[in-house]
Amino acid sequence: MTAILSIATPAFADDAMKVVATTGMIADTAQRIGGEAIEVQGLMGAGVDPHAYRQTRTDIVALTNADLVLWHGLYLEAQMQDFMHKLEKRGTVVAVTDTLPRDMLSAHDEYADKFDPHVWMDPNIWVLVTERIRDALIEKQPENQEKFEANAAVMLAELRELSAYAETSLTSVPEEARILLTAHDAFGYFGKAYGFSVLGVQGISTESEAGLNRISTLVDTLIDRNIKAVFVESSVSDRTVRALVEGAAAKGHEVSIGGELFSDAMGPDGTYEGTYVGMIDHNITVITDALGGNVPERGMNGRLSAGS
């Protein structure tokens with residue numbers, strides 16, 4: 001590993017503070033706060049599953065040459081965990097969830113000593129993550145503290161607006177319809193924040209398998225609870241969700257695909273959905289509409305793509 005860590009090939013082209021972020025949500029938040037003072041390289045783009053992602057040689061070059069590495073932690077990047085802990089010894093690595101109060105976190109469904117990592121699904125928790133990223137940037141570049149604080153304040157205001165939009169929209173869904181069934185169990189914090197029962201075909205990690213017994217049980221749940229819509233995810237195969245729809249149909253219960261949600265990755269680069277705020281706006285809007293609530297067609301600010 002020492003030989004790998006000594007790679008000196010430049011990963012960045014300019015003199016801005018060089019930041020590498022694992023997930024798109026972290027990369028977008030860091031760029032919003034850092035502005036032109038930093039250059040952010042995100043490792044995982046649209047549709048990439050962080051649970052299964054392994055660093056490439058190119059990633060290793062970027063990570064070892066970065067001024068600051070921002071990773072999520074909470075066992076989200078499970079395949080990168082050992083490498084990140086080795087990088088931590090260099091003093092350039094920050095897990096952006098490391099200061100979250102542990103009583104705010106939910107237990108992991110497979111590991112007794114770990115937590116559900118999907119905290120970005122609750123904008124109020126992401127406020128704390130945003131503040132952690134701001135503080136990490138200030139620690140590395142204190143001369144830009146005022147700029148970072150000002151940029152962060154703008155984003156924090158947007159997150160509070162997003163939370164208010166979620167509350168207004170999702171509470172318009174009839175109580176009996178507040179059941180969210182998706183490909184894997186990524187929406188626990190969402191459900192806790194907005195009063196939804198959340199079911200995943202797979203567990204918290206997409207590495208877990210959904211057996212025939214699990215699918216059969218969920219088909220019975222669809223029928224027993226009269227669930228009319230289920231959701232696929234952009235970063236997870238839709239195979240198991242479609243198996244549920246077909247299984248319910250075979251028993252005379254019609255279920256539709258309510259839409260595609262962004263779970264572990266944001267939308268395409270360069271789109272509104274390819275930002276943290278746009279990602280969550282999309283999810284709120286699609287879920288509310290599919291489950292019978294009242295929501296603007298193009299989301300919180302009218303910026304969602306047509307058909308979102």
# chains A, B, ... in the order shown; residues from 1 in each chain; ligands from 1
>>> residues_around(residues="segment 126-134 of chain A", least_positions_apart="6", cutoff="7 Å", atoms="only C-alpha atoms", output="PyMOL selection string")
chain A and resi 29-30+33+96-97+119-120+148-149+152+156+159
>>> write_last_selection(atoms="N, CA and C atoms", output="short mmCIF file (atom, residue, chain, number, x, y, z; two decimals), in the first residue's frame")
data_model
loop_
_atom_site.label_atom_id
_atom_site.label_comp_id
_atom_site.auth_asym_id
_atom_site.auth_seq_id
_atom_site.Cartn_x
_atom_site.Cartn_y
_atom_site.Cartn_z
N THR A 29 -22.52 19.74 -2.33
CA THR A 29 -22.55 20.60 -1.16
C THR A 29 -21.22 21.31 -0.97
N ALA A 30 -20.12 20.59 -1.14
CA ALA A 30 -18.80 21.20 -1.01
C ALA A 30 -18.58 22.29 -2.05
N ILE A 33 -20.44 25.48 -1.18
CA ILE A 33 -19.81 26.23 -0.09
C ILE A 33 -18.48 26.82 -0.52
N VAL A 96 -17.91 13.14 6.69
CA VAL A 96 -18.80 14.28 6.90
C VAL A 96 -19.92 14.00 7.90
N THR A 97 -20.09 12.73 8.26
CA THR A 97 -21.12 12.38 9.25
C THR A 97 -20.54 12.17 10.64
N VAL A 119 -28.49 9.41 5.57
CA VAL A 119 -28.97 10.59 6.30
C VAL A 119 -29.35 11.74 5.38
N TRP A 120 -28.87 11.74 4.13
CA TRP A 120 -29.21 12.83 3.21
C TRP A 120 -30.69 12.85 2.86
N PHE A 148 -16.69 31.13 2.82
CA PHE A 148 -17.31 29.82 3.03
C PHE A 148 -18.55 29.95 3.91
N GLU A 149 -18.48 30.77 4.92
CA GLU A 149 -19.64 30.95 5.80
C GLU A 149 -20.80 31.59 5.06
N ALA A 152 -22.27 28.99 2.64
CA ALA A 152 -22.99 27.97 3.40
C ALA A 152 -24.33 28.50 3.89
N LEU A 156 -27.84 26.67 3.43
CA LEU A 156 -28.61 26.28 4.60
C LEU A 156 -30.03 26.84 4.53
N LEU A 159 -31.94 24.62 2.25
CA LEU A 159 -32.28 23.35 2.88
C LEU A 159 -33.49 23.50 3.80
#
>>> select_by_dssp(residues="segment 214-287 of chain A", states="strand (DSSP E)", output="list in words")
Ala229, Val230, Phe231, Val232, Glu233, Ser256, Ile257, Gly258, Gly259, Glu260 and Leu261 of chain A
>>> select_by_dssp(residues="segment 158-197 of chain A", states="helix (DSSP H, G or I)", output="list of chain:residue names")
A:Glu158, A:Leu159, A:Arg160, A:Glu161, A:Leu162, A:Ser163, A:Ala164, A:Tyr165, A:Ala166, A:Glu167, A:Thr168, A:Ser169, A:Leu170, A:Glu175, A:Glu176, A:Ala177, A:Gly188, A:Tyr189, A:Phe190, A:Gly191, A:Lys192, A:Ala193, A:Tyr194
>>> closest_residue(among="A:Ala265, A:Leu43, A:Ala27, A:Ile287", to="Val173 of chain A", atoms="only C-alpha atoms")
A:Ile287
>>> closest_residue(among="A:Asp269, A:Thr217, A:Glu260, A:Pro117", to="Ala248 of chain A", atoms="only C-alpha atoms")
A:Thr217
>>> residues_around(residues="Ala229 of chain A", least_positions_apart="3", cutoff="6 Å", atoms="only C-alpha atoms", output="ChimeraX atom specification")
/A:255-258
>>> write_last_selection(atoms="C-alpha atoms", output="PDB file, in the first residue's frame")
ATOM      1  CA  VAL A 255     -49.874  -1.883  -8.446  1.00  0.00           C
ATOM      2  CA  SER A 256     -48.200   0.766 -10.572  1.00  0.00           C
ATOM      3  CA  ILE A 257     -44.616   2.019 -10.686  1.00  0.00           C
ATOM      4  CA  GLY A 258     -45.010   5.431  -9.055  1.00  0.00           C
TER       5      GLY A 258
END
>>> closest_residue(among="A:Ala306, A:Val286, A:Ala166, A:Gly34", to="Ala150 of chain A", atoms="only C-alpha atoms")
A:Gly34
>>> closest_residue(among="A:Gly35, A:Gly47, A:Pro142, A:Gly24", to="Leu261 of chain A", atoms="only C-alpha atoms")
A:Gly47
>>> atom_distance(atom1="atom CA of Val94 of chain A", atom2="atom CA of Asp59 of chain A")
16.5 Å
>>> closest_atom_pairs(of="segment 112-187 of chain A", to="segment 199-202 of chain A", cutoff="8 Å", atoms="only C-alpha atoms", output="Markdown table")
| residue | atom | partner | partner_atom | distance |
| --- | --- | --- | --- | --- |
| A:Ile179 | CA | A:Leu199 | CA | 7.7 |
| A:Leu180 | CA | A:Leu199 | CA | 6.1 |
| A:Leu181 | CA | A:Leu199 | CA | 4.6 |
| A:Thr182 | CA | A:Gly200 | CA | 5.0 |
| A:Ala183 | CA | A:Val201 | CA | 5.1 |
| A:His184 | CA | A:Gly200 | CA | 4.3 |
| A:Asp185 | CA | A:Gly200 | CA | 4.2 |
| A:Ala186 | CA | A:Gly200 | CA | 7.5 |
>>> write_last_selection(atoms="N, CA, C and O atoms", output="CSV table (one decimal), in the first residue's frame")
chain,number,residue,atom,x,y,z
A,179,ILE,N,-47.2,5.0,2.6
A,179,ILE,CA,-46.4,3.8,2.6
A,179,ILE,C,-45.5,3.8,1.4
A,179,ILE,O,-45.9,3.9,0.3
A,180,LEU,N,-44.2,3.8,1.7
A,180,LEU,CA,-43.2,4.0,0.6
A,180,LEU,C,-42.4,2.7,0.5
A,180,LEU,O,-41.6,2.3,1.3
A,181,LEU,N,-42.6,2.0,-0.7
A,181,LEU,CA,-41.9,0.7,-0.9
A,181,LEU,C,-41.0,0.9,-2.1
A,181,LEU,O,-41.4,1.3,-3.2
A,182,THR,N,-39.7,0.7,-1.9
A,182,THR,CA,-38.7,0.9,-2.9
A,182,THR,C,-37.8,-0.3,-3.0
A,182,THR,O,-37.9,-1.3,-2.3
A,183,ALA,N,-36.8,-0.2,-3.9
A,183,ALA,CA,-35.9,-1.3,-4.2
A,183,ALA,C,-35.0,-1.7,-3.0
A,183,ALA,O,-34.8,-2.9,-2.8
A,184,HIS,N,-34.5,-0.7,-2.3
A,184,HIS,CA,-33.7,-1.1,-1.1
A,184,HIS,C,-34.0,0.0,0.0
A,184,HIS,O,-34.6,1.0,-0.3
A,185,ASP,N,-33.7,-0.3,1.2
A,185,ASP,CA,-34.2,0.4,2.4
A,185,ASP,C,-33.3,1.7,2.6
A,185,ASP,O,-32.6,1.8,3.6
A,186,ALA,N,-33.5,2.6,1.7
A,186,ALA,CA,-32.7,3.9,1.7
A,186,ALA,C,-33.5,5.1,2.3
A,186,ALA,O,-32.9,6.1,2.5
>>> residues_around(residues="Leu63 of chain A", least_positions_apart="2", cutoff="9 Å", atoms="only C-alpha atoms", output="ChimeraX atom specification")
/A:11,19-21,58-61,65-69,87
>>> residues_around(residues="Ala164 of chain A", least_positions_apart="3", cutoff="12 Å", atoms="only C-alpha atoms", output="compact mmCIF listing (two decimals) with N, CA and C atoms, in the first residue's frame")
# COMPACT_ATOMS: atom_id res chain seq x y z
N ASP A 122 -33.09 13.21 4.79
CA ASP A 122 -33.75 14.19 5.65
C ASP A 122 -32.97 15.50 5.55
N PRO A 123 -33.53 16.52 4.88
CA PRO A 123 -32.80 17.79 4.73
C PRO A 123 -32.38 18.41 6.06
N ASN A 124 -33.13 18.15 7.12
CA ASN A 124 -32.76 18.72 8.41
C ASN A 124 -31.46 18.10 8.95
N ALA A 157 -30.17 28.05 4.02
CA ALA A 157 -31.50 28.63 3.84
C ALA A 157 -32.31 27.81 2.84
N GLU A 158 -31.66 27.33 1.77
CA GLU A 158 -32.35 26.50 0.78
C GLU A 158 -32.77 25.17 1.39
N LEU A 159 -31.94 24.62 2.25
CA LEU A 159 -32.28 23.35 2.88
C LEU A 159 -33.49 23.50 3.80
N ARG A 160 -33.58 24.61 4.47
CA ARG A 160 -34.75 24.85 5.33
C ARG A 160 -36.00 25.06 4.49
N GLU A 161 -35.86 25.72 3.35
CA GLU A 161 -36.98 25.86 2.42
C GLU A 161 -37.41 24.50 1.88
N GLU A 167 -42.55 19.07 4.11
CA GLU A 167 -43.59 18.97 5.13
C GLU A 167 -44.96 19.31 4.54
N THR A 168 -45.03 20.39 3.79
CA THR A 168 -46.31 20.82 3.20
C THR A 168 -46.82 19.79 2.18
N SER A 169 -45.93 19.32 1.33
CA SER A 169 -46.34 18.40 0.26
C SER A 169 -46.72 17.04 0.80
N LEU A 170 -45.86 16.47 1.61
CA LEU A 170 -46.04 15.08 2.04
C LEU A 170 -47.19 14.92 3.02
N THR A 171 -47.50 15.96 3.77
CA THR A 171 -48.65 15.86 4.67
C THR A 171 -49.97 15.92 3.91
N ALA A 193 -38.87 11.31 9.29
CA ALA A 193 -39.08 12.76 9.28
C ALA A 193 -40.50 13.14 8.90
N TYR A 194 -41.11 12.36 7.99
CA TYR A 194 -42.38 12.80 7.40
C TYR A 194 -43.54 11.83 7.63
N ASP A 281 -35.92 17.46 -3.98
CA ASP A 281 -37.14 18.07 -4.54
C ASP A 281 -37.84 17.06 -5.44
N ILE A 284 -39.46 14.19 -3.30
CA ILE A 284 -40.66 14.69 -2.60
C ILE A 284 -41.83 14.81 -3.58
N MET A 300 -40.64 22.30 -6.19
CA MET A 300 -40.58 23.42 -5.25
C MET A 300 -40.38 24.76 -5.94
>>> residues_around(residues="segment 219-222 of chain A", least_positions_apart="3", cutoff="6 Å", atoms="only C-alpha atoms", output="ChimeraX atom specification")
/A:216,225-227,244,248
>>> residues_around(residues="Val295 of chain A", least_positions_apart="2", cutoff="7 Å", atoms="only C-alpha atoms", output="list of chain:residue names")
A:Ser169, A:Thr285, A:Thr288, A:Asp289, A:Gly293, A:Glu297
>>> write_last_selection(atoms="N, CA, C and O atoms", output="PDB file, in the first residue's frame")
ATOM      1  N   SER A 169     -45.934  19.324   1.330  1.00  0.00           N
ATOM      2  CA  SER A 169     -46.336  18.403   0.260  1.00  0.00           C
ATOM      3  C   SER A 169     -46.719  17.037   0.801  1.00  0.00           C
ATOM      4  O   SER A 169     -47.791  16.500   0.488  1.00  0.00           O
ATOM      5  N   THR A 285     -41.549  15.420  -4.724  1.00  0.00           N
ATOM      6  CA  THR A 285     -42.602  15.699  -5.699  1.00  0.00           C
ATOM      7  C   THR A 285     -43.163  14.413  -6.298  1.00  0.00           C
ATOM      8  O   THR A 285     -44.389  14.241  -6.409  1.00  0.00           O
ATOM      9  N   THR A 288     -45.131  12.385  -3.516  1.00  0.00           N
ATOM     10  CA  THR A 288     -46.397  13.043  -3.187  1.00  0.00           C
ATOM     11  C   THR A 288     -47.420  12.834  -4.292  1.00  0.00           C
ATOM     12  O   THR A 288     -48.582  12.470  -4.037  1.00  0.00           O
ATOM     13  N   ASP A 289     -47.002  13.051  -5.534  1.00  0.00           N
ATOM     14  CA  ASP A 289     -47.923  12.935  -6.669  1.00  0.00           C
ATOM     15  C   ASP A 289     -48.421  11.500  -6.826  1.00  0.00           C
ATOM     16  O   ASP A 289     -49.626  11.265  -7.010  1.00  0.00           O
ATOM     17  N   GLY A 293     -51.150  12.954  -3.106  1.00  0.00           N
ATOM     18  CA  GLY A 293     -51.063  14.262  -2.455  1.00  0.00           C
ATOM     19  C   GLY A 293     -51.106  15.389  -3.462  1.00  0.00           C
ATOM     20  O   GLY A 293     -51.221  15.185  -4.674  1.00  0.00           O
ATOM     21  N   GLU A 297     -46.478  20.641 -10.241  1.00  0.00           N
ATOM     22  CA  GLU A 297     -46.040  19.682 -11.258  1.00  0.00           C
ATOM     23  C   GLU A 297     -44.527  19.662 -11.424  1.00  0.00           C
ATOM     24  O   GLU A 297     -43.924  18.600 -11.622  1.00  0.00           O
TER      25      GLU A 297
END
>>> atom_distance(atom1="atom CA of Glu77 of chain A", atom2="atom CA of Met266 of chain A")
15.7 Å
